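Enquirer: Got a file for you: data29.csv, CSV, C-alpha atoms and all ligand atoms.
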```csv
chain,number,residue,atom,x,y,z
K,1,MET,CA,-27.2,-22.5,-16.0
K,2,PRO,CA,-25.4,-22.2,-12.6
K,3,GLN,CA,-22.0,-23.9,-12.7
K,4,HIS,CA,-20.3,-26.1,-10.1
K,5,VAL,CA,-16.6,-25.5,-9.5
K,6,GLN,CA,-14.0,-26.2,-6.8
K,7,GLY,CA,-13.1,-23.4,-4.4
K,8,VAL,CA,-11.3,-22.9,-1.1
K,9,ILE,CA,-13.6,-21.8,1.8
K,10,ALA,CA,-12.9,-20.8,5.4
K,11,PRO,CA,-15.8,-22.5,7.2
K,12,GLY,CA,-15.5,-20.9,10.6
K,13,ARG,CA,-13.3,-18.9,12.9
K,14,ASN,CA,-9.8,-20.5,12.9
K,15,GLU,CA,-11.0,-23.7,11.3
K,16,PRO,CA,-8.7,-25.1,8.6
K,17,VAL,CA,-9.7,-24.0,5.1
K,18,ARG,CA,-11.0,-26.7,2.7
K,19,VAL,CA,-11.8,-27.3,-0.9
K,20,GLU,CA,-15.6,-27.4,-1.6
K,21,THR,CA,-17.9,-27.4,-4.5
K,22,ILE,CA,-19.1,-23.9,-5.2
K,23,VAL,CA,-22.2,-22.8,-7.2
K,24,ILE,CA,-21.6,-19.9,-9.5
K,25,PRO,CA,-24.7,-18.2,-10.9
K,26,ASP,CA,-24.8,-16.9,-14.5
K,27,PRO,CA,-23.7,-13.3,-14.6
K,28,GLY,CA,-26.5,-10.8,-14.0
K,29,PRO,CA,-26.5,-7.2,-15.2
K,30,GLY,CA,-23.1,-5.6,-14.7
K,31,GLU,CA,-21.5,-8.9,-13.7
K,32,ALA,CA,-18.9,-11.2,-15.1
K,33,VAL,CA,-17.8,-14.8,-14.5
K,34,VAL,CA,-14.0,-15.2,-14.7
K,35,LYS,CA,-12.1,-18.4,-15.1
K,36,ILE,CA,-9.2,-18.0,-12.6
K,37,GLN,CA,-5.7,-18.9,-13.8
K,38,ALA,CA,-3.7,-17.8,-10.7
K,39,CYS,CA,-4.3,-16.3,-7.3
K,40,GLY,CA,-1.8,-15.2,-4.7
K,41,VAL,CA,-2.1,-16.0,-1.0
K,42,CYS,CA,-2.3,-12.7,1.0
K,43,HIS,CA,-2.3,-11.9,4.7
K,44,THR,CA,-5.9,-10.7,4.4
K,45,ASP,CA,-7.0,-14.2,3.4
K,46,LEU,CA,-5.5,-15.4,6.7
K,47,HIS,CA,-7.2,-12.6,8.6
K,48,TYR,CA,-10.6,-13.6,7.1
K,49,LYS,CA,-10.0,-17.2,8.2
K,50,GLN,CA,-9.1,-16.0,11.7
K,51,GLY,CA,-12.3,-14.0,11.9
K,52,ALA,CA,-10.3,-10.8,12.2
K,53,ILE,CA,-12.1,-9.0,9.4
K,54,ASN,CA,-15.8,-9.9,10.1
K,55,ASP,CA,-18.0,-12.8,11.1
K,56,GLU,CA,-19.6,-13.5,7.8
K,57,PHE,CA,-18.5,-17.1,7.5
K,58,PRO,CA,-18.2,-19.1,5.3
K,59,PHE,CA,-15.7,-17.1,3.2
K,60,LEU,CA,-14.6,-17.9,-0.3
K,61,LEU,CA,-11.0,-16.9,0.0
K,62,GLY,CA,-8.5,-15.5,-2.5
K,63,HIS,CA,-8.4,-12.0,-4.0
K,64,GLU,CA,-5.1,-11.5,-5.8
K,65,ALA,CA,-6.0,-13.0,-9.1
K,66,ALA,CA,-5.8,-13.0,-12.9
K,67,GLY,CA,-7.8,-15.0,-15.4
K,68,ILE,CA,-10.0,-15.0,-18.5
K,69,VAL,CA,-13.5,-13.6,-18.7
K,70,GLU,CA,-15.8,-16.4,-19.5
K,71,SER,CA,-19.2,-14.7,-19.7
K,72,VAL,CA,-20.7,-11.3,-19.0
K,73,GLY,CA,-24.2,-10.2,-18.0
K,74,GLU,CA,-26.5,-7.6,-19.5
K,75,GLY,CA,-25.1,-4.2,-20.2
K,76,VAL,CA,-21.4,-5.1,-19.8
K,77,THR,CA,-19.4,-3.4,-22.5
K,78,ASP,CA,-15.9,-2.9,-21.0
K,79,VAL,CA,-14.9,-6.5,-21.0
K,80,THR,CA,-15.9,-9.4,-23.3
K,81,PRO,CA,-15.4,-13.2,-23.0
K,82,GLY,CA,-11.8,-14.1,-23.7
K,83,ASP,CA,-10.3,-11.0,-22.2
K,84,PHE,CA,-7.3,-11.5,-19.9
K,85,VAL,CA,-7.9,-9.6,-16.7
K,86,ILE,CA,-6.6,-8.8,-13.3
K,87,LEU,CA,-9.3,-8.7,-10.6
K,88,ASN,CA,-9.4,-5.6,-8.5
K,89,TRP,CA,-11.3,-4.7,-5.3
K,90,ARG,CA,-11.6,-1.1,-6.3
K,91,ALA,CA,-14.3,-1.0,-9.1
K,92,VAL,CA,-15.0,2.7,-8.8
K,93,CYS,CA,-18.6,4.0,-9.0
K,94,GLY,CA,-17.9,7.2,-10.9
K,95,ALA,CA,-20.7,9.0,-9.0
K,96,CYS,CA,-19.8,9.3,-5.3
K,97,ARG,CA,-18.3,12.5,-3.9
K,98,ALA,CA,-14.7,11.2,-4.2
K,99,CYS,CA,-15.2,10.1,-7.8
K,100,GLU,CA,-16.9,13.4,-8.7
K,101,ARG,CA,-14.0,15.4,-7.2
K,102,GLY,CA,-11.6,13.5,-9.5
K,103,ARG,CA,-10.2,11.3,-6.8
K,104,PRO,CA,-11.6,7.9,-7.6
K,105,TRP,CA,-9.0,6.0,-5.7
K,106,TYR,CA,-10.9,7.2,-2.6
K,107,CYS,CA,-14.2,5.9,-4.0
K,108,PHE,CA,-16.4,4.8,-1.2
K,109,ASP,CA,-19.1,3.0,-3.2
K,110,THR,CA,-17.0,0.4,-5.1
K,111,HIS,CA,-18.8,-2.3,-7.0
K,112,ASN,CA,-19.0,-6.1,-6.3
K,113,ALA,CA,-21.3,-8.7,-7.8
K,114,LYS,CA,-24.9,-8.4,-6.6
K,115,GLN,CA,-25.7,-12.1,-6.7
K,116,ARG,CA,-24.1,-14.5,-4.2
K,117,MET,CA,-22.1,-17.6,-4.9
K,118,THR,CA,-23.2,-20.5,-2.6
K,119,LEU,CA,-22.3,-24.0,-1.4
K,120,LEU,CA,-24.3,-26.9,-2.8
K,121,ASP,CA,-26.8,-26.7,0.1
K,122,GLY,CA,-27.5,-23.0,-0.8
K,123,THR,CA,-25.4,-21.5,2.0
K,124,GLU,CA,-24.3,-18.1,0.8
K,125,LEU,CA,-20.6,-17.4,0.6
K,126,SER,CA,-18.8,-14.1,1.4
K,127,PRO,CA,-16.1,-13.7,-1.2
K,128,ALA,CA,-12.8,-12.2,0.3
K,129,LEU,CA,-12.7,-8.5,-0.7
K,130,GLY,CA,-15.7,-9.1,-3.0
K,131,ILE,CA,-13.6,-11.4,-5.2
K,132,GLY,CA,-13.2,-15.1,-3.9
K,133,ALA,CA,-10.6,-16.3,-6.4
K,134,PHE,CA,-9.2,-19.5,-4.8
K,135,ALA,CA,-11.6,-21.1,-7.2
K,136,GLU,CA,-11.8,-22.4,-10.7
K,137,LYS,CA,-14.2,-19.6,-11.5
K,138,THR,CA,-15.7,-16.7,-9.7
K,139,LEU,CA,-18.4,-14.1,-10.1
K,140,VAL,CA,-17.5,-10.4,-9.8
K,141,ALA,CA,-18.8,-7.0,-10.9
K,142,ALA,CA,-17.5,-6.4,-14.4
K,143,GLY,CA,-15.7,-3.2,-13.2
K,144,GLN,CA,-13.6,-5.5,-11.0
K,145,CYS,CA,-12.0,-6.9,-14.2
K,146,THR,CA,-9.1,-4.9,-15.5
K,147,LYS,CA,-7.8,-5.8,-18.9
K,148,VAL,CA,-4.0,-6.1,-19.3
K,149,ASP,CA,-1.6,-7.5,-21.9
K,150,PRO,CA,-2.3,-11.2,-22.1
K,151,ALA,CA,1.4,-12.0,-22.8
K,152,VAL,CA,2.2,-11.7,-19.1
K,153,ALA,CA,2.2,-14.8,-16.9
K,154,PRO,CA,-1.0,-15.0,-14.9
K,155,GLU,CA,0.8,-15.8,-11.6
K,156,VAL,CA,2.7,-12.6,-12.0
K,157,ALA,CA,-0.2,-10.5,-13.2
K,158,GLY,CA,-2.5,-11.6,-10.3
K,159,LEU,CA,-0.1,-10.1,-7.7
K,160,LEU,CA,-1.0,-6.6,-8.9
K,161,GLY,CA,-4.5,-7.3,-7.7
K,162,CYS,CA,-3.5,-6.6,-4.1
K,163,GLY,CA,-0.1,-6.7,-2.2
K,164,VAL,CA,2.3,-5.8,-4.9
K,165,MET,CA,0.1,-2.9,-6.0
K,166,ALA,CA,-0.3,-1.8,-2.4
K,167,GLY,CA,3.5,-1.6,-2.1
K,168,ILE,CA,4.3,0.0,-5.4
K,169,GLY,CA,1.4,2.4,-5.0
K,170,ALA,CA,2.5,3.4,-1.5
K,171,ALA,CA,5.7,4.7,-3.1
K,172,ILE,CA,4.6,6.1,-6.5
K,173,ASN,CA,1.0,7.2,-5.6
K,174,THR,CA,0.8,7.9,-1.9
K,175,GLY,CA,4.4,8.8,-1.2
K,176,ASN,CA,4.9,10.5,-4.5
K,177,VAL,CA,8.5,9.4,-4.6
K,178,GLY,CA,10.4,11.3,-7.2
K,179,ARG,CA,13.8,11.4,-8.9
K,180,GLY,CA,16.6,11.9,-6.4
K,181,ASP,CA,14.6,11.3,-3.3
K,182,THR,CA,15.9,9.3,-0.4
K,183,VAL,CA,13.5,6.6,0.7
K,184,ALA,CA,13.4,4.2,3.7
K,185,VAL,CA,11.2,1.2,3.8
K,186,ILE,CA,10.5,-0.4,7.2
K,187,GLY,CA,9.4,-4.1,6.9
K,188,CYS,CA,10.5,-5.9,3.8
K,189,GLY,CA,7.9,-8.6,3.1
K,190,GLY,CA,6.0,-8.7,-0.2
K,191,VAL,CA,4.5,-5.2,0.4
K,192,GLY,CA,7.7,-3.5,1.6
K,193,ASP,CA,9.7,-5.1,-1.3
K,194,ALA,CA,7.1,-3.8,-3.7
K,195,ALA,CA,7.5,-0.3,-2.2
K,196,ILE,CA,11.3,-0.7,-2.9
K,197,VAL,CA,10.5,-1.7,-6.5
K,198,GLY,CA,8.2,1.3,-6.8
K,199,SER,CA,10.8,3.7,-5.3
K,200,ARG,CA,13.5,2.5,-7.7
K,201,LEU,CA,11.1,2.9,-10.6
K,202,ALA,CA,10.3,6.5,-9.5
K,203,GLY,CA,14.0,7.4,-9.5
K,204,ALA,CA,14.9,7.4,-5.8
K,205,ALA,CA,18.5,8.0,-5.2
K,206,LYS,CA,18.8,6.0,-2.0
K,207,ILE,CA,16.6,3.2,-0.9
K,208,ILE,CA,17.2,2.0,2.7
K,209,ALA,CA,15.6,-1.3,3.6
K,210,VAL,CA,14.9,-2.0,7.3
K,211,ASP,CA,13.9,-5.3,8.7
K,212,ILE,CA,14.6,-7.6,11.7
K,213,ASP,CA,15.4,-10.6,9.5
K,214,ASP,CA,18.6,-10.7,7.5
K,215,ARG,CA,17.1,-13.0,4.9
K,216,LYS,CA,14.5,-10.3,4.1
K,217,LEU,CA,17.2,-7.7,3.8
K,218,GLU,CA,19.1,-9.9,1.3
K,219,THR,CA,16.0,-10.1,-0.8
K,220,ALA,CA,15.4,-6.4,-0.4
K,221,ARG,CA,18.8,-5.7,-2.0
K,222,THR,CA,17.9,-7.8,-5.1
K,223,MET,CA,14.7,-5.7,-5.4
K,224,GLY,CA,16.6,-2.5,-5.5
K,225,ALA,CA,17.5,-1.4,-1.9
K,226,THR,CA,20.8,0.4,-1.9
K,227,HIS,CA,21.4,0.1,1.9
K,228,THR,CA,20.1,-2.3,4.5
K,229,VAL,CA,19.6,-1.9,8.3
K,230,ASN,CA,18.8,-4.8,10.7
K,231,SER,CA,16.7,-3.0,13.3
K,232,ARG,CA,17.1,-5.9,15.7
K,233,SER,CA,20.7,-5.0,16.2
K,234,THR,CA,20.9,-1.3,15.0
K,235,ASP,CA,18.7,1.7,15.9
K,236,PRO,CA,17.0,2.3,12.6
K,237,VAL,CA,16.3,6.0,13.2
K,238,GLU,CA,20.0,6.7,13.8
K,239,ALA,CA,21.0,4.5,10.9
K,240,ILE,CA,18.6,6.2,8.4
K,241,ARG,CA,19.7,9.6,9.5
K,242,GLU,CA,23.4,8.7,9.2
K,243,LEU,CA,22.8,7.4,5.7
K,244,THR,CA,21.0,10.6,4.7
K,245,GLY,CA,23.5,13.2,5.8
K,246,GLY,CA,21.9,13.6,9.2
K,247,PHE,CA,18.5,14.6,7.8
K,248,GLY,CA,16.4,11.6,7.6
K,249,ALA,CA,14.7,10.2,4.4
K,250,ASP,CA,12.4,12.2,2.2
K,251,VAL,CA,9.8,9.4,2.3
K,252,VAL,CA,9.6,6.7,4.8
K,253,ILE,CA,7.2,3.8,4.1
K,254,GLU,CA,6.0,1.7,7.0
K,255,ALA,CA,5.1,-1.8,5.7
K,256,VAL,CA,4.7,-3.6,9.0
K,257,GLY,CA,1.6,-2.1,10.6
K,258,ARG,CA,2.8,-1.6,14.2
K,259,PRO,CA,3.0,1.4,16.5
K,260,GLU,CA,6.7,1.0,17.2
K,261,THR,CA,7.7,0.8,13.5
K,262,TYR,CA,5.4,3.7,12.8
K,263,LYS,CA,7.3,5.8,15.4
K,264,GLN,CA,10.5,4.8,13.8
K,265,ALA,CA,9.1,6.0,10.4
K,266,PHE,CA,8.0,9.2,12.0
K,267,TYR,CA,11.4,10.1,13.4
K,268,ALA,CA,13.5,8.7,10.5
K,269,ARG,CA,12.0,11.1,8.0
K,270,ASP,CA,13.5,14.4,7.1
K,271,LEU,CA,11.7,17.5,8.5
K,272,ALA,CA,8.7,18.1,6.2
K,273,GLY,CA,9.2,14.6,4.7
K,274,THR,CA,6.4,12.1,4.2
K,275,VAL,CA,5.5,9.1,6.2
K,276,VAL,CA,3.3,6.5,4.4
K,277,LEU,CA,1.6,3.8,6.4
K,278,VAL,CA,0.8,0.8,4.2
K,279,GLY,CA,1.1,-1.9,6.9
K,280,VAL,CA,-2.3,-2.8,8.3
K,281,PRO,CA,-2.6,-2.4,12.1
K,282,THR,CA,-5.0,-4.4,14.3
K,283,PRO,CA,-7.9,-2.7,16.2
K,284,GLU,CA,-6.3,-2.7,19.6
K,285,MET,CA,-3.1,-0.9,18.5
K,286,GLN,CA,-2.6,2.7,19.8
K,287,LEU,CA,-0.1,5.3,18.7
K,288,GLU,CA,1.4,7.9,21.1
K,289,LEU,CA,3.5,10.7,19.8
K,290,PRO,CA,4.3,14.2,21.2
K,291,LEU,CA,1.8,16.5,19.5
K,292,LEU,CA,4.5,19.1,19.4
K,293,ASP,CA,6.7,16.8,17.3
K,294,VAL,CA,3.8,16.1,14.9
K,295,PHE,CA,3.4,19.9,14.5
K,296,GLY,CA,7.1,20.9,14.7
K,297,ARG,CA,8.4,18.4,12.2
K,298,GLY,CA,5.9,19.4,9.5
K,299,GLY,CA,5.4,17.4,6.4
K,300,ALA,CA,2.8,14.7,5.7
K,301,LEU,CA,1.6,11.7,7.5
K,302,LYS,CA,-0.4,9.6,5.0
K,303,SER,CA,-2.0,6.2,4.9
K,304,SER,CA,-2.1,4.1,1.7
K,305,TRP,CA,-5.1,1.9,1.0
K,306,TYR,CA,-4.4,-0.5,-1.9
K,307,GLY,CA,-1.5,1.9,-2.8
K,308,ASP,CA,-4.1,4.6,-3.7
K,309,CYS,CA,-4.3,2.7,-7.0
K,310,LEU,CA,-6.7,3.2,-9.8
K,311,PRO,CA,-6.8,-0.2,-11.4
K,312,SER,CA,-7.6,0.9,-14.9
K,313,ARG,CA,-4.6,3.3,-14.8
K,314,ASP,CA,-2.1,1.3,-12.8
K,315,PHE,CA,-2.5,-2.4,-13.7
K,316,PRO,CA,-1.9,-2.1,-17.4
K,317,MET,CA,1.0,0.3,-16.9
K,318,LEU,CA,2.7,-1.9,-14.4
K,319,VAL,CA,2.2,-5.0,-16.6
K,320,ASP,CA,3.7,-3.2,-19.5
K,321,LEU,CA,6.7,-2.1,-17.4
K,322,HIS,CA,7.2,-5.7,-16.3
K,323,GLN,CA,7.0,-7.0,-19.9
K,324,GLN,CA,9.6,-4.5,-20.9
K,325,GLY,CA,11.9,-5.6,-18.1
K,326,ARG,CA,11.8,-2.3,-16.2
K,327,ILE,CA,10.4,-3.9,-13.1
K,328,ASP,CA,10.6,-7.6,-12.1
K,329,LEU,CA,7.3,-8.7,-10.7
K,330,ALA,CA,8.2,-12.4,-11.2
K,331,ALA,CA,10.6,-12.0,-8.3
K,332,PHE,CA,7.6,-11.9,-5.9
K,333,VAL,CA,6.5,-15.4,-6.8
K,334,THR,CA,8.2,-17.7,-4.3
K,335,GLU,CA,6.3,-20.8,-5.2
K,336,THR,CA,3.3,-22.0,-7.2
K,337,ILE,CA,0.8,-24.3,-5.4
K,338,GLY,CA,-2.5,-26.1,-5.9
K,339,LEU,CA,-6.0,-25.2,-4.5
K,340,GLY,CA,-5.5,-27.8,-1.8
K,341,ASP,CA,-2.3,-26.2,-0.5
K,342,VAL,CA,-3.7,-22.9,0.9
K,343,GLU,CA,-3.6,-24.0,4.5
K,344,LYS,CA,0.1,-25.0,4.1
K,345,ALA,CA,0.8,-21.6,2.4
K,346,PHE,CA,-0.6,-19.8,5.5
K,347,ALA,CA,1.8,-21.7,7.7
K,348,ARG,CA,4.7,-20.8,5.4
K,349,MET,CA,3.6,-17.2,5.4
K,350,HIS,CA,3.7,-17.2,9.2
K,351,GLU,CA,7.2,-18.6,9.2
K,352,GLY,CA,8.2,-15.7,7.0
K,353,ASP,CA,9.9,-17.7,4.3
K,354,VAL,CA,7.8,-16.7,1.3
K,355,LEU,CA,7.1,-13.4,-0.4
K,356,ARG,CA,4.1,-14.9,-2.2
K,357,SER,CA,2.7,-18.4,-2.7
K,358,VAL,CA,0.5,-18.4,-5.7
K,359,VAL,CA,-2.3,-20.9,-6.4
K,360,VAL,CA,-2.2,-21.8,-10.1
K,361,LEU,CA,-5.2,-23.5,-11.8
K,401,LIG,N1,10.7,-4.0,12.4
K,401,LIG,C1,11.0,-4.2,11.1
K,401,LIG,N2,10.5,-5.1,10.3
K,401,LIG,C2,9.6,-6.0,10.9
K,401,LIG,C3,9.2,-5.9,12.2
K,401,LIG,C4,9.8,-4.8,13.0
K,401,LIG,N3,9.5,-4.6,14.3
K,401,LIG,N4,8.3,-6.8,12.5
K,401,LIG,C5,8.2,-7.5,11.4
K,401,LIG,N5,9.0,-7.0,10.4
K,401,LIG,C6,9.1,-7.5,9.0
K,401,LIG,C7,9.1,-9.0,8.8
K,401,LIG,O1,10.4,-9.6,9.1
K,401,LIG,C8,8.7,-9.1,7.4
K,401,LIG,O2,9.8,-9.1,6.5
K,401,LIG,O3,8.0,-7.0,8.3
K,401,LIG,C9,7.9,-7.8,7.2
K,401,LIG,C10,6.4,-8.1,7.0
K,401,LIG,O4,6.3,-8.9,5.8
K,401,LIG,P1,5.1,-9.9,5.6
K,401,LIG,O5,4.8,-10.6,6.8
K,401,LIG,O6,5.6,-10.7,4.4
K,401,LIG,O7,3.9,-9.0,5.2
K,401,LIG,P2,3.5,-8.3,3.8
K,401,LIG,O8,2.7,-9.2,3.0
K,401,LIG,O9,4.7,-7.6,3.3
K,401,LIG,O10,2.5,-7.2,4.4
K,401,LIG,C11,3.0,-6.2,5.3
K,401,LIG,O11,1.1,-4.8,4.9
K,401,LIG,O12,-0.8,-5.3,3.7
K,401,LIG,C12,-0.2,-5.2,4.9
K,401,LIG,O13,-1.5,-6.8,6.2
K,401,LIG,C13,-0.2,-6.5,5.6
K,401,LIG,O14,0.3,-5.5,7.7
K,401,LIG,C14,0.8,-6.3,6.6
K,401,LIG,C15,1.9,-5.4,5.9
K,402,ZN,ZN,-17.1,6.5,-6.3
K,403,ZN,ZN,-4.6,-8.8,-0.1
```
Spit out the file's structure as structure tokens when you get a sec.

Expert:
Amino acid sequence: MPQHVQGVIAPGRNEPVRVETIVIPDPGPGEAVVKIQACGVCHTDLHYKQGAINDEFPFLLGHEAAGIVESVGEGVTDVTPGDFVILNWRAVCGACRACERGRPWYCFDTHNAKQRMTLLDGTELSPALGIGAFAEKTLVAAGQCTKVDPAVAPEVAGLLGCGVMAGIGAAINTGNVGRGDTVAVIGCGGVGDAAIVGSRLAGAAKIIAVDIDDRKLETARTMGATHTVNSRSTDPVEAIRELTGGFGADVVIEAVGRPETYKQAFYARDLAGTVVLVGVPTPEMQLELPLLDVFGRGGALKSSWYGDCLPSRDFPMLVDLHQQGRIDLAAFVTETIGLGDVEKAFARMHEGDVLRSVVVL
């Protein structure tokens, strides 16, 4: 029997989001219905609402979530009802060229539920990143459910489903930060701070946090930054070079998504160092760099999608490290809110005074 639950939809471009009744079909083959316990508010949800991702309104927002599997469809063996899971938007196919080459984090045929969730009048919903978890329950592909230690708080676990994983992964997966490395992180919101946590975990010797907001720099220090630079008042390239013996950092992580900060990252890295772009640019942005510098400075310029994570490998590991006190993911939860507060959370996100607002159900 299809179920009726409450969920947060974005009805049209720039229209305020609202809570509506959603119809959830029974899970079909390869699908699962998950009872959501917590879901963080991410920039991508706001971008969906603004129509910046695509035009497939109405959207069922929310994609940074954890909950309990309620029911599974035919052929599902990896998860069973009662399992505590983090939802992921990288359910790898195992059969595409990337998967077959042993690089499943580049999978280009990731799975989502085949059936659609709808409004009461039958209007089909587009779930954000194939998840749609600002809702009491949601329908996903079973591969989107990653089992983790159920002892972790859901509002903490859910964050690994997107932004925090993107940041930690930018450091440990894409940037391959290692013991003794110097790292600079430009932009210290939720993603940049997670990159700081990842860099510290990986054994970085120096972690330089760069932001234009002193409040963000203070938080960055509590996350593990050893030095801070306010790039509104100080040239960050000069400052990073000075702090690294004149060389520049081994790995510079750009967590803003703008050409000017990317350029800073490019010039603030040591010769043959690595630049990681994890901030998401907008379509009109252009980057201009002397090609001779790109060539002459060597090294690697990489982008990091979802922190190049493999959910089945990374989520349980990071939850365990959190439970052991070796990383503090709870520090990313600024506030917990209700389903009706998502619009307010977007406003707070815009003002820059939260790392994460998390809807708790
Ligand atoms: N130089 C340095 N820092 C900047 C600059 C700048 N020119 N402009 C903005 N910032 C800082 C902000 O002060 C803020 O601390 O970048 C940070 C951005 O943080 P959030 O807005 O909280 O965004 P976050 O969730 O961390 O995501 C960062 O990654 O996933 C993407 O879409 C996301 O592009 C966004 C980026
Ligand atoms: Zn694949
Ligand atoms: Zn997200």

Enquirer: Find the residues near segment 194-204 of chain K: any atom within 7 Å, counting only C-alpha atoms, skip ones fewer than 3 places away on the same chain, and give them as a PyMOL selection string.

Expert: chain K and resi 164+167-168+170-172+177-183+185+190-191+207+223-225+327

Enquirer: What are the centre and the three edge lengths of an axis-aligned box that wraps all atoms of segment 141-148 of chain K in the file, given that 8 Å is added to every side, written as JSON and rounded to one decimal in Å?

Expert:
```
{"center_x": -11.4, "center_y": -5.1, "center_z": -15.1, "size_x": 30.8, "size_y": 19.8, "size_z": 24.4}
```

Enquirer: Quick one: which chain K residues come within 9 Å of ligand LIG 401 (chain K), and what is the nearest atom pair for each with the distance in Å to one decimal, counting only C-alpha atoms and all ligand atoms, rows ordered by chain and ascending number, as CSV?

Expert:
```
residue,atom,partner,partner_atom,distance
K:Cys42,CA,K:LIG401,O8,6.4
K:His43,CA,K:LIG401,O13,5.4
K:Thr44,CA,K:LIG401,O13,6.1
K:His47,CA,K:LIG401,O13,8.5
K:Cys162,CA,K:LIG401,O12,8.4
K:Gly163,CA,K:LIG401,O12,6.1
K:Val164,CA,K:LIG401,O8,8.6
K:Ala166,CA,K:LIG401,O12,7.1
K:Gly167,CA,K:LIG401,O11,8.1
K:Ile186,CA,K:LIG401,C1,5.5
K:Gly187,CA,K:LIG401,O3,3.5
K:Cys188,CA,K:LIG401,O2,4.2
K:Gly189,CA,K:LIG401,O4,3.2
K:Gly190,CA,K:LIG401,O9,3.9
K:Val191,CA,K:LIG401,O9,3.8
K:Gly192,CA,K:LIG401,O9,5.4
K:Asp193,CA,K:LIG401,O9,7.2
K:Ala194,CA,K:LIG401,O9,8.3
K:Val210,CA,K:LIG401,C1,5.9
K:Asp211,CA,K:LIG401,N2,3.8
K:Ile212,CA,K:LIG401,C1,5.0
K:Asp213,CA,K:LIG401,O1,5.1
K:Asp214,CA,K:LIG401,O1,8.4
K:Arg215,CA,K:LIG401,O2,8.4
K:Lys216,CA,K:LIG401,O2,5.4
K:Leu217,CA,K:LIG401,O2,8.0
K:Asn230,CA,K:LIG401,C1,7.8
K:Ser231,CA,K:LIG401,N1,6.1
K:Arg232,CA,K:LIG401,N1,7.4
K:Pro236,CA,K:LIG401,N1,8.9
K:Glu254,CA,K:LIG401,C15,8.3
K:Ala255,CA,K:LIG401,C15,4.8
K:Val256,CA,K:LIG401,C15,4.5
K:Gly257,CA,K:LIG401,O14,4.7
K:Arg258,CA,K:LIG401,N3,7.3
K:Glu260,CA,K:LIG401,N3,6.9
K:Thr261,CA,K:LIG401,N3,5.7
K:Gln264,CA,K:LIG401,N1,8.9
K:Leu277,CA,K:LIG401,O11,8.7
K:Val278,CA,K:LIG401,O11,5.7
K:Gly279,CA,K:LIG401,O11,3.5
K:Val280,CA,K:LIG401,O14,3.8
K:Pro281,CA,K:LIG401,O14,6.1
K:Thr282,CA,K:LIG401,O14,8.5
K:Trp305,CA,K:LIG401,O12,8.8
K:Tyr306,CA,K:LIG401,O12,8.2
K:Met349,CA,K:LIG401,O5,6.9
K:His350,CA,K:LIG401,O5,7.1
K:Glu351,CA,K:LIG401,O5,8.7
K:Gly352,CA,K:LIG401,O5,6.1
K:Asp353,CA,K:LIG401,O6,8.2
K:Val354,CA,K:LIG401,O6,7.1
K:Leu355,CA,K:LIG401,O6,5.7
K:Arg356,CA,K:LIG401,O8,7.8
```

Enquirer: For ligand ZN 402 (chain K), which of K:Thr334, K:Gln3, K:Thr110, K:Ser71 is the closest residue, counting only C-alpha atoms and all ligand atoms?

Expert: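 Between K:Thr334, K:Gln3, K:Thr110, K:Ser71, the residue approaching ligand ZN 402 (chain K) most closely is K:Thr110.
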
Enquirer: Find the distance between atom CA of Ala300 of chain K and atom CA of Glu288 of chain K and write it in Å to one decimal.

Expert: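 Distance reported for this atom pair: 16.9 Å.
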
Enquirer: Counting all atoms listed in the file, what are the residues of segment 147-211 of chain K within 10 Å of segment 72-88 of chain K, and for each of them which pair of atoms is the nearest and at what distance in Å, to one decimal? Sort the table by chain and rising number, as a Markdown table.

Expert:
```
| residue | atom | partner | partner_atom | distance |
| --- | --- | --- | --- | --- |
| K:Lys147 | CA | K:Val85 | CA | 4.4 |
| K:Val148 | CA | K:Val85 | CA | 5.8 |
| K:Asp149 | CA | K:Phe84 | CA | 7.2 |
| K:Pro150 | CA | K:Phe84 | CA | 5.5 |
| K:Ala151 | CA | K:Phe84 | CA | 9.2 |
| K:Val152 | CA | K:Phe84 | CA | 9.5 |
| K:Pro154 | CA | K:Ile86 | CA | 8.5 |
| K:Ala157 | CA | K:Ile86 | CA | 6.6 |
| K:Gly158 | CA | K:Ile86 | CA | 5.8 |
| K:Leu159 | CA | K:Ile86 | CA | 8.7 |
| K:Leu160 | CA | K:Ile86 | CA | 7.5 |
| K:Gly161 | CA | K:Asn88 | CA | 5.2 |
| K:Cys162 | CA | K:Asn88 | CA | 7.4 |
```

Enquirer: Which one is closest to ligand ZN 402 (chain K): K:Val140, K:Leu310, K:Cys107, K:Ile337? Count only C-alpha atoms and all ligand atoms.

Expert: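 Looking only at the distances to ligand ZN 402 (chain K), the closest residue turns out to be K:Cys107.
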
Enquirer: Once you count all atoms listed in the file, which residues end up within 10 Å of ligand ZN 402 (chain K), and could you hand them over as JSON, numbers by chain?

Expert: {"K": [90, 91, 92, 93, 94, 95, 96, 97, 98, 99, 100, 101, 102, 103, 104, 105, 106, 107, 108, 109, 110, 111]}

Enquirer: Using all atoms listed in the file, find the one residue out of K:Ala38, K:Met165, K:Ile253, K:Ala141 that sits nearest to ligand ZN 403 (chain K).

Expert: K:Met165

Enquirer: Please determine, counting all atoms listed in the file, which residue among K:Gly307, K:Gly30, K:Pro316, K:Pro2 has the shortest atom-to-atom distance to ligand ZN 403 (chain K).

Expert: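 With all atoms listed in the file as the atom set, the closest residue is K:Gly307.
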
Enquirer: Report as a ChimeraX atom specification all protein, DNA and RNA residues lying within 8 Å of segment 57-63 of chain K, evaluated on all atoms listed in the file, omitting residues in the same chain fewer than 4 positions from it.

Expert: /K:7-13,39-42,45,48-49,87-89,124-135,161-162

Enquirer: What is the atom CA of Asp308 of chain K to atom CA of Thr274 of chain K distance in Å?

Expert: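 Interatomic distance, atom CA of Asp308 of chain K to atom CA of Thr274 of chain K: 15.1 Å.
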